[in-house]
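A.B. asks: Take a look at my_file_16.cif, mmCIF, C-alpha atoms (C1' of nucleotides):
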```
data_run
loop_
_atom_site.label_atom_id
_atom_site.label_comp_id
_atom_site.auth_asym_id
_atom_site.auth_seq_id
_atom_site.Cartn_x
_atom_site.Cartn_y
_atom_site.Cartn_z
CA MET A 3 105.69 133.16 85.54
CA PRO A 4 107.14 131.27 88.46
CA GLY A 5 110.18 133.51 88.71
CA GLN A 6 107.88 136.36 89.47
CA GLN A 7 106.03 134.38 92.09
CA LEU A 8 109.26 133.47 93.81
CA LYS A 9 110.32 137.10 93.88
CA ILE A 10 107.05 138.17 95.43
CA ALA A 11 107.20 135.39 97.99
CA ILE A 12 110.71 136.35 99.01
CA GLU A 13 109.64 139.96 99.46
CA LYS A 14 106.87 138.74 101.69
CA LEU A 15 109.35 136.72 103.74
CA LYS A 16 111.67 139.68 104.13
CA GLY A 17 108.75 141.90 105.05
CA SER A 18 107.87 139.69 107.97
CA GLY A 19 111.36 139.71 109.42
CA VAL A 20 112.23 136.23 108.24
CA ARG A 21 115.74 135.57 107.02
CA ILE A 22 116.46 134.32 103.53
CA THR A 23 118.78 131.37 103.94
CA PRO A 24 119.90 129.26 101.00
CA GLN A 25 117.91 126.27 102.27
CA ARG A 26 114.81 128.33 102.76
CA GLN A 27 115.03 129.79 99.31
CA ALA A 28 115.69 126.42 97.72
CA ILE A 29 112.68 124.81 99.38
CA LEU A 30 110.40 127.66 98.41
CA SER A 31 111.74 127.78 94.92
CA PHE A 32 111.28 124.06 94.46
CA LEU A 33 107.71 124.24 95.69
CA ILE A 34 106.88 127.04 93.32
CA GLU A 35 108.46 125.36 90.32
CA THR A 36 107.11 121.87 90.79
CA MET A 37 103.63 120.81 89.79
CA THR A 38 103.71 117.68 91.90
CA HIS A 39 102.41 118.61 95.37
CA PRO A 40 105.38 116.98 97.07
CA THR A 41 105.55 115.57 100.57
CA ALA A 42 108.13 116.84 103.05
CA ASP A 43 110.21 113.78 102.38
CA GLU A 44 110.08 114.24 98.63
CA ILE A 45 111.30 117.80 99.04
CA TYR A 46 114.06 116.49 101.26
CA LYS A 47 115.16 113.96 98.67
CA MET A 48 115.06 116.44 95.83
CA LEU A 49 117.31 118.87 97.65
CA GLU A 50 119.76 116.53 99.30
CA THR A 51 122.21 116.64 96.43
CA LYS A 52 122.30 120.40 96.74
CA PHE A 53 122.35 120.39 100.55
CA PRO A 54 123.84 117.10 101.70
CA ASN A 55 123.73 118.19 105.33
CA MET A 56 120.21 119.50 105.41
CA SER A 57 117.97 117.81 107.95
CA VAL A 58 114.28 116.99 107.63
CA ALA A 59 113.60 119.31 110.53
CA THR A 60 114.68 122.20 108.34
CA ILE A 61 112.13 121.18 105.76
CA TYR A 62 109.39 121.06 108.34
CA ASN A 63 110.46 124.34 109.93
CA ASN A 64 110.31 126.09 106.63
CA LEU A 65 107.07 124.54 105.51
CA LYS A 66 105.56 125.85 108.71
CA VAL A 67 106.94 129.34 108.08
CA PHE A 68 105.60 129.36 104.53
CA LYS A 69 102.24 128.07 105.61
CA ASP A 70 101.88 130.64 108.37
CA LEU A 71 102.58 133.37 105.86
CA GLY A 72 100.08 131.94 103.41
CA LEU A 73 102.70 131.18 100.76
CA ILE A 74 101.73 127.53 100.50
CA LYS A 75 98.84 125.28 101.37
CA GLU A 76 98.96 121.97 103.13
CA LEU A 77 96.94 119.14 101.63
CA THR A 78 96.07 116.05 103.61
CA TYR A 79 94.56 112.94 102.16
CA GLY A 80 94.05 109.48 103.50
CA ASP A 81 97.66 108.54 103.00
CA ALA A 82 100.33 109.01 105.58
CA SER A 83 101.95 112.31 104.82
CA SER A 84 100.91 115.86 104.04
CA ARG A 85 101.48 117.36 100.65
CA PHE A 86 102.30 120.98 99.94
CA ASP A 87 101.04 123.23 97.19
CA ALA A 88 102.43 126.63 96.29
CA ASN A 89 99.85 127.26 93.60
CA LEU A 90 97.81 130.06 95.10
CA GLN A 91 95.35 130.45 92.28
CA THR A 92 91.93 129.10 93.11
CA HIS A 93 91.97 125.60 91.74
CA TYR A 94 90.77 122.14 92.59
CA HIS A 95 92.23 118.65 92.71
CA ALA A 96 91.28 115.38 91.11
CA ILE A 97 92.78 112.45 92.98
CA CYS A 98 93.22 108.98 91.54
CA ASP A 99 92.10 106.12 93.78
CA ARG A 100 94.35 103.77 91.93
CA CYS A 101 97.73 105.48 91.54
CA GLY A 102 97.35 108.41 93.90
CA LYS A 103 98.05 111.02 91.27
CA ILE A 104 96.81 114.52 92.05
CA GLU A 105 95.78 116.51 89.03
CA ASP A 106 94.97 120.21 89.23
CA PHE A 107 91.96 121.55 87.45
CA TYR A 108 90.41 124.95 87.07
CA THR A 109 86.73 125.67 86.80
CA GLU A 110 84.38 128.42 87.80
CA ASN A 111 85.23 129.60 91.27
CA LEU A 112 82.90 127.99 93.76
CA SER A 113 83.10 130.89 96.15
CA ASN A 114 79.33 131.11 96.17
CA VAL A 115 79.35 127.96 98.26
CA GLU A 116 81.26 129.96 100.85
CA GLN A 117 78.36 132.36 101.08
CA VAL A 118 75.84 129.56 101.24
CA ALA A 119 77.84 127.82 103.94
CA ALA A 120 78.16 131.06 105.88
CA LYS A 121 74.44 131.61 105.81
CA ILE A 122 73.67 128.07 106.95
CA THR A 123 76.31 127.63 109.61
CA GLY A 124 76.91 131.14 110.89
CA PHE A 125 80.62 130.71 110.18
CA LYS A 126 82.64 133.62 108.92
CA VAL A 127 84.04 131.70 105.97
CA ALA A 128 87.54 132.46 104.70
CA SER A 129 88.26 129.76 102.16
CA HIS A 130 87.09 126.53 100.69
CA ARG A 131 88.51 123.35 99.32
CA MET A 132 87.04 120.93 96.86
CA GLU A 133 88.27 117.65 95.48
CA VAL A 134 86.98 114.92 93.28
CA TYR A 135 88.02 111.29 93.58
CA GLY A 136 88.07 108.69 90.90
CA THR A 137 90.23 106.95 88.34
CA CYS A 138 92.64 108.91 86.22
CA ARG A 139 92.83 108.49 82.48
CA SER A 140 95.95 106.33 82.41
CA CYS A 141 94.67 104.02 85.14
CA GLN A 142 91.46 103.61 83.15
CA LEU A 143 93.46 102.59 80.10
CA ASN A 144 95.64 100.16 82.03
CA HIS A 145 92.45 98.35 82.88
CA MET B 22 66.75 107.17 112.50
CA PRO B 23 70.14 105.92 113.59
CA GLY B 24 68.81 102.58 114.83
CA GLN B 25 67.74 101.85 111.31
CA GLN B 26 71.10 102.84 109.89
CA LEU B 27 72.88 100.55 112.32
CA LYS B 28 70.63 97.66 111.34
CA ILE B 29 71.32 98.22 107.66
CA ALA B 30 75.04 98.49 108.27
CA ILE B 31 75.09 95.24 110.21
CA GLU B 32 73.24 93.48 107.43
CA LYS B 33 75.86 94.75 105.03
CA LEU B 34 78.62 93.43 107.27
CA LYS B 35 76.99 90.02 107.50
CA GLY B 36 76.43 89.99 103.77
CA SER B 37 80.13 90.37 103.13
CA GLY B 38 81.07 87.49 105.38
CA VAL B 39 82.34 89.67 108.18
CA ARG B 40 81.63 88.59 111.73
CA ILE B 41 79.66 90.67 114.16
CA THR B 42 81.67 90.83 117.33
CA PRO B 43 80.67 92.96 120.31
CA GLN B 44 83.60 95.31 119.79
CA ARG B 45 82.86 95.69 116.12
CA GLN B 46 79.24 96.43 116.79
CA ALA B 47 80.07 98.92 119.55
CA ILE B 48 82.50 100.86 117.36
CA LEU B 49 80.07 101.00 114.49
CA SER B 50 77.18 101.91 116.72
CA PHE B 51 79.16 104.69 118.37
CA LEU B 52 80.16 106.12 115.00
CA ILE B 53 76.60 106.14 113.79
CA GLU B 54 75.21 107.74 116.92
CA THR B 55 77.79 110.45 117.43
CA MET B 56 77.80 113.70 115.54
CA THR B 57 81.39 114.49 116.42
CA HIS B 58 83.57 112.93 113.70
CA PRO B 59 85.82 111.24 116.27
CA THR B 60 89.44 110.19 115.87
CA ALA B 61 90.51 106.59 116.43
CA ASP B 62 91.82 107.55 119.82
CA GLU B 63 88.58 109.24 120.81
CA ILE B 64 86.65 106.13 119.88
CA TYR B 65 89.09 104.10 121.93
CA LYS B 66 88.61 106.31 124.97
CA MET B 67 84.84 106.31 124.66
CA LEU B 68 84.66 102.55 124.59
CA GLU B 69 87.31 101.61 127.10
CA THR B 70 84.90 101.54 130.00
CA LYS B 71 82.80 99.04 128.11
CA PHE B 72 85.77 97.05 126.81
CA PRO B 73 88.68 97.53 129.20
CA ASN B 74 90.80 95.03 127.28
CA MET B 75 90.21 96.37 123.83
CA SER B 76 93.36 97.42 121.98
CA VAL B 77 93.75 100.34 119.60
CA ALA B 78 94.61 97.89 116.87
CA THR B 79 91.05 96.60 117.06
CA ILE B 80 89.77 100.11 116.48
CA TYR B 81 91.98 100.54 113.44
CA ASN B 82 91.15 97.10 112.11
CA ASN B 83 87.47 97.79 112.29
CA LEU B 84 87.68 101.28 110.89
CA LYS B 85 89.44 99.76 107.92
CA VAL B 86 86.72 97.15 107.51
CA PHE B 87 83.98 99.77 107.68
CA LYS B 88 85.77 102.04 105.28
CA ASP B 89 86.37 99.28 102.76
CA LEU B 90 82.66 98.47 102.83
CA GLY B 91 81.75 102.12 102.43
CA LEU B 92 80.02 102.36 105.80
CA ILE B 93 82.12 105.30 106.95
CA LYS B 94 84.33 107.95 105.45
CA GLU B 95 87.74 109.02 106.57
CA LEU B 96 88.38 112.73 106.91
CA THR B 97 91.86 114.14 107.06
CA TYR B 98 92.64 117.70 107.95
CA GLY B 99 95.82 119.45 108.83
CA ASP B 100 95.87 118.05 112.34
CA ALA B 101 97.57 114.86 113.27
CA SER B 102 94.91 112.20 113.16
CA SER B 103 92.15 111.09 110.85
CA ARG B 104 88.51 111.54 111.74
CA PHE B 105 85.70 109.22 110.83
CA ASP B 106 82.21 110.02 109.69
CA ALA B 107 79.34 107.56 109.42
CA ASN B 108 76.96 110.10 107.96
CA LEU B 109 76.52 108.84 104.44
CA GLN B 110 74.16 111.52 103.21
CA THR B 111 75.83 113.95 100.85
CA HIS B 112 76.86 116.78 103.09
CA TYR B 113 79.73 119.17 103.59
CA HIS B 114 81.86 120.39 106.45
CA ALA B 115 82.60 123.79 107.88
CA ILE B 116 85.79 123.73 109.92
CA CYS B 117 86.71 126.35 112.48
CA ASP B 118 90.28 127.65 112.28
CA ARG B 119 90.14 128.68 115.89
CA CYS B 120 88.62 125.80 117.86
CA GLY B 121 88.75 123.02 115.29
CA LYS B 122 85.04 122.32 115.42
CA ILE B 123 83.60 120.51 112.41
CA GLU B 124 80.04 121.44 111.60
CA ASP B 125 78.01 119.55 109.03
CA PHE B 126 75.93 121.43 106.55
CA TYR B 127 73.64 120.47 103.74
CA THR B 128 73.18 122.36 100.53
CA GLU B 129 72.43 121.57 96.95
CA ASN B 130 74.41 118.58 95.85
CA LEU B 131 77.48 119.72 93.96
CA SER B 132 77.64 116.60 91.86
CA ASN B 133 77.68 118.71 88.74
CA VAL B 134 81.26 119.59 89.67
CA GLU B 135 82.01 115.91 89.29
CA GLN B 136 80.90 116.06 85.68
CA VAL B 137 82.83 119.24 85.06
CA ALA B 138 85.95 117.74 86.62
CA ALA B 139 85.51 114.56 84.59
CA LYS B 140 85.32 116.52 81.37
CA ILE B 141 88.38 118.60 82.16
CA THR B 142 90.65 115.94 83.59
CA GLY B 143 89.54 112.77 81.87
CA PHE B 144 89.04 111.14 85.27
CA LYS B 145 86.17 108.76 85.83
CA VAL B 146 84.92 110.58 88.91
CA ALA B 147 83.29 108.63 91.71
CA SER B 148 82.85 111.15 94.50
CA HIS B 149 83.69 114.60 95.70
CA ARG B 150 84.46 116.41 98.89
CA MET B 151 84.03 120.04 99.76
CA GLU B 152 84.85 121.99 102.86
CA VAL B 153 84.80 125.59 103.96
CA TYR B 154 87.18 127.02 106.51
CA GLY B 155 86.61 129.98 108.75
CA THR B 156 85.54 131.04 112.20
CA CYS B 157 82.54 129.44 113.85
CA ARG B 158 79.81 131.47 115.46
CA SER B 159 80.92 130.98 119.05
CA CYS B 160 84.55 131.79 118.27
CA GLN B 161 83.37 134.97 116.59
CA LEU B 162 81.46 135.95 119.72
CA ASN B 163 84.36 135.14 122.02
CA HIS B 164 86.24 137.76 120.13
"C1'" DC C 24 126.72 141.50 116.81
"C1'" DT C 25 122.82 138.81 117.83
"C1'" DA C 26 118.67 136.86 117.01
"C1'" DC C 27 117.03 133.68 113.81
"C1'" DT C 28 118.25 129.14 111.50
"C1'" DT C 29 120.31 125.03 110.83
"C1'" DG C 30 121.73 120.26 111.87
"C1'" DC C 31 121.30 116.48 114.65
"C1'" DA C 32 119.33 113.14 117.48
"C1'" DA C 33 115.96 111.84 120.40
"C1'" DA C 34 111.16 111.99 121.52
"C1'" DC C 35 106.41 111.74 120.36
"C1'" DT C 36 102.14 110.50 117.92
"C1'" DT C 37 99.55 107.95 114.94
"C1'" DT C 38 98.97 103.84 112.50
"C1'" DT C 39 100.46 99.14 111.08
"C1'" DT C 40 102.11 94.49 111.65
"C1'" DG C 41 103.02 89.73 113.40
"C1'" DC C 42 101.67 86.45 116.17
"C1'" DT C 43 99.04 83.92 119.61
"C1'" DT C 44 94.79 83.24 121.81
"C1'" DG C 45 89.84 83.61 121.69
"C1'" DC C 46 85.27 83.31 119.98
"C1'" DG C 47 81.19 83.86 116.46
"C1'" DA C 48 78.64 81.31 113.21
"C1'" DT D 9 85.09 73.03 114.49
"C1'" DC D 10 87.02 76.57 111.49
"C1'" DG D 11 88.58 80.67 110.34
"C1'" DC D 12 88.09 85.41 111.22
"C1'" DA D 13 88.88 88.72 115.00
"C1'" DA D 14 90.84 90.48 119.30
"C1'" DG D 15 94.64 91.53 122.22
"C1'" DC D 16 99.24 92.62 122.78
"C1'" DA D 17 103.59 94.49 121.94
"C1'" DA D 18 106.88 95.94 118.91
"C1'" DA D 19 107.79 98.46 114.73
"C1'" DA D 20 107.07 101.77 111.22
"C1'" DA D 21 106.23 106.27 109.51
"C1'" DG D 22 105.63 111.16 109.95
"C1'" DT D 23 106.41 115.10 112.56
"C1'" DT D 24 108.10 117.83 116.52
"C1'" DT D 25 111.38 119.33 119.94
"C1'" DG D 26 115.67 120.81 122.51
"C1'" DC D 27 119.94 122.35 122.15
"C1'" DA D 28 124.54 123.57 120.38
"C1'" DA D 29 126.77 125.71 116.57
"C1'" DG D 30 126.40 128.62 112.45
"C1'" DT D 31 125.16 132.69 109.78
"C1'" DA D 32 122.15 136.41 107.50
"C1'" DG D 33 121.28 141.06 108.00
#
```
Re-express the file's structure as structure tokens.
C.D. replies:
Amino acid sequence: MPGQQLKIAIEKLKGSGVRITPQRQAILSFLIETMTHPTADEIYKMLETKFPNMSVATIYNNLKVFKDLGLIKELTYGDASSRFDANLQTHYHAICDRCGKIEDFYTENLSNVEQVAAKITGFKVASHRMEVYGTCRSCQLNH
Amino acid sequence: MPGQQLKIAIEKLKGSGVRITPQRQAILSFLIETMTHPTADEIYKMLETKFPNMSVATIYNNLKVFKDLGLIKELTYGDASSRFDANLQTHYHAICDRCGKIEDFYTENLSNVEQVAAKITGFKVASHRMEVYGTCRSCQLNH
DNA sequence: CTACTTGCAAACTTTTTGCTTGCGA
DNA sequence: TCGCAAGCAAAAAGTTTGCAAGTAG
């Protein structure tokens, strides 16, 4: 229930003394509703009809605020720009070499690798990230 | 034995019709010898005493060549620039939130997650990547 | 009211590109 | 010699910054 998630996120924003501006809410709301891991520029383009005067800097400002509060995660791949993900459930990504699509998938939580890594490296481990790379189904079909 | 790895890599370059220039060899050799996952700029700085006239474009050109031949891997994290890793053994990274250090670690190969991901997503999976994030030992000690 | 945000433009950083000259095989 | 590679500089792309004006609480 994304509506619920938005509500909780907004409470969290308020709780940390951050103002709820229309732009801020729209960016957050868009991130929570979309499944597409958009770039900053994609967010900008999606919202420019609603906020014709909004600047990219506002997008970046807000992404930083959300990230610092743990409301979103930043994903960086080989390509130029970062992508942002408001799905906070533990999940993993499959990335297509061919078309660049990022598909979420859920499997058993690999948090045991955190413990293994901690034991080996001496790190105090807080989180992990895992991705697989390959060719997505539709790119396989299109030869 | 890094000398061996370099030799093999150079054979691979020759085999694909790529020339072995001094700059190319120096960049590759540096990547294989270092443990530090350097950025393009760091490579540039390390080699500028040896090649005062070398341009950054040469670094990028060669990194692209190496990557296309599978001799190195590109790592992208939240920070600005890509890092490059010539360690081709299956291994994982622990990244310190505090100081940014990247520590390699080896554990059981997680390639079974590739199969799981393939089954769930329909991807033809070729590789995977896993990282843990946290605080490294020395940052823990330095409070 | 006032501190936080926005909008804007310029600056900055990283990476890419086009083109000429140079050099490895 | 031939064609790939290096050097150079300019451009592109993404992100950050400084500041004036606006507004949420």
A.B. asks: Would you write out, as a PDB file with C-alpha atoms, in the coordinates of the input, every residue that the PyMOL selection byres ((chain A) within 6 of (chain B)) captures in this file?
C.D. replies:
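Saved as part-v6.pdb:
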```pdb
ATOM      1  CA  THR A  78      96.070 116.050 103.610  1.00  0.00           C
ATOM      2  CA  TYR A  79      94.560 112.940 102.160  1.00  0.00           C
ATOM      3  CA  GLY A 124      76.910 131.140 110.890  1.00  0.00           C
ATOM      4  CA  PHE A 125      80.620 130.710 110.180  1.00  0.00           C
ATOM      5  CA  LYS A 126      82.640 133.620 108.920  1.00  0.00           C
ATOM      6  CA  VAL A 127      84.040 131.700 105.970  1.00  0.00           C
ATOM      7  CA  ALA A 128      87.540 132.460 104.700  1.00  0.00           C
ATOM      8  CA  SER A 129      88.260 129.760 102.160  1.00  0.00           C
ATOM      9  CA  HIS A 130      87.090 126.530 100.690  1.00  0.00           C
ATOM     10  CA  ARG A 131      88.510 123.350  99.320  1.00  0.00           C
ATOM     11  CA  MET A 132      87.040 120.930  96.860  1.00  0.00           C
ATOM     12  CA  GLU A 133      88.270 117.650  95.480  1.00  0.00           C
ATOM     13  CA  VAL A 134      86.980 114.920  93.280  1.00  0.00           C
ATOM     14  CA  TYR A 135      88.020 111.290  93.580  1.00  0.00           C
ATOM     15  CA  GLY A 136      88.070 108.690  90.900  1.00  0.00           C
ATOM     16  CA  THR A 137      90.230 106.950  88.340  1.00  0.00           C
ATOM     17  CA  CYS A 138      92.640 108.910  86.220  1.00  0.00           C
ATOM     18  CA  ARG A 139      92.830 108.490  82.480  1.00  0.00           C
TER      19      ARG A 139
END
```
A.B. asks: Run the PyMOL selection byres ((chain C) within 8 of (chain A)) mentally over the shown coordinates, then write out the matched residues as number ranges by chain, using the chain letters and numbers from the document.
C.D. replies: C: 27-31
A.B. asks: Counting all atoms listed in the file, which residues from chain D have an atom at most 12 Å from any atom of chain A, and could you show them as an MDAnalysis selection string?
C.D. replies: chainID D and resid 20:25 30:33
A.B. asks: Find the distance between atom CA of B:Leu27 and atom CA of B:Gly91 and write it in Å to one decimal.
C.D. replies: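 These two atoms are separated by 13.4 Å.
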A.B. asks: I'd like the contact shell of B:Leu52 - 12 Å cut-off, all atoms listed in the file, skipping same-chain residues fewer than 3 positions apart - returned as a short mmCIF file (atom, residue, chain, number, x, y, z; two decimals) with C-alpha atoms, in the frame of the given file.
C.D. replies:
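Just written: selection.cif:
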```
data_model
loop_
_atom_site.label_atom_id
_atom_site.label_comp_id
_atom_site.auth_asym_id
_atom_site.auth_seq_id
_atom_site.Cartn_x
_atom_site.Cartn_y
_atom_site.Cartn_z
CA PRO B 23 70.14 105.92 113.59
CA GLY B 24 68.81 102.58 114.83
CA GLN B 26 71.10 102.84 109.89
CA LEU B 27 72.88 100.55 112.32
CA ALA B 30 75.04 98.49 108.27
CA ARG B 45 82.86 95.69 116.12
CA GLN B 46 79.24 96.43 116.79
CA ALA B 47 80.07 98.92 119.55
CA ILE B 48 82.50 100.86 117.36
CA LEU B 49 80.07 101.00 114.49
CA THR B 55 77.79 110.45 117.43
CA MET B 56 77.80 113.70 115.54
CA THR B 57 81.39 114.49 116.42
CA HIS B 58 83.57 112.93 113.70
CA PRO B 59 85.82 111.24 116.27
CA THR B 60 89.44 110.19 115.87
CA ALA B 61 90.51 106.59 116.43
CA GLU B 63 88.58 109.24 120.81
CA ILE B 64 86.65 106.13 119.88
CA TYR B 65 89.09 104.10 121.93
CA MET B 67 84.84 106.31 124.66
CA LEU B 68 84.66 102.55 124.59
CA ILE B 80 89.77 100.11 116.48
CA ASN B 83 87.47 97.79 112.29
CA LEU B 84 87.68 101.28 110.89
CA PHE B 87 83.98 99.77 107.68
CA LYS B 88 85.77 102.04 105.28
CA LEU B 92 80.02 102.36 105.80
CA ILE B 93 82.12 105.30 106.95
CA LYS B 94 84.33 107.95 105.45
CA GLU B 95 87.74 109.02 106.57
CA ARG B 104 88.51 111.54 111.74
CA PHE B 105 85.70 109.22 110.83
CA ASP B 106 82.21 110.02 109.69
CA ALA B 107 79.34 107.56 109.42
CA ASN B 108 76.96 110.10 107.96
CA LEU B 109 76.52 108.84 104.44
#
```
A.B. asks: Quick one: distance from atom C1' of C:DC35 to atom CA of B:Ile123 in Å, one decimal?
C.D. replies: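 So the two atoms, atom C1' of C:DC35 and atom CA of B:Ile123, lie 25.7 Å apart.
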A.B. asks: What is the atom CA of A:Arg100-atom CA of B:Val86 distance in Å, reported with one decimal?
C.D. replies: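 Pair atom CA of A:Arg100 / atom CA of B:Val86 returns 18.6 Å.
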A.B. asks: Run the PyMOL selection byres ((chain D and resi 9) around 12) mentally over the shown coordinates, then write out the matched residues as number ranges by chain, using the chain letters and numbers from the document.
C.D. replies: C: 46-48; D: 10-11
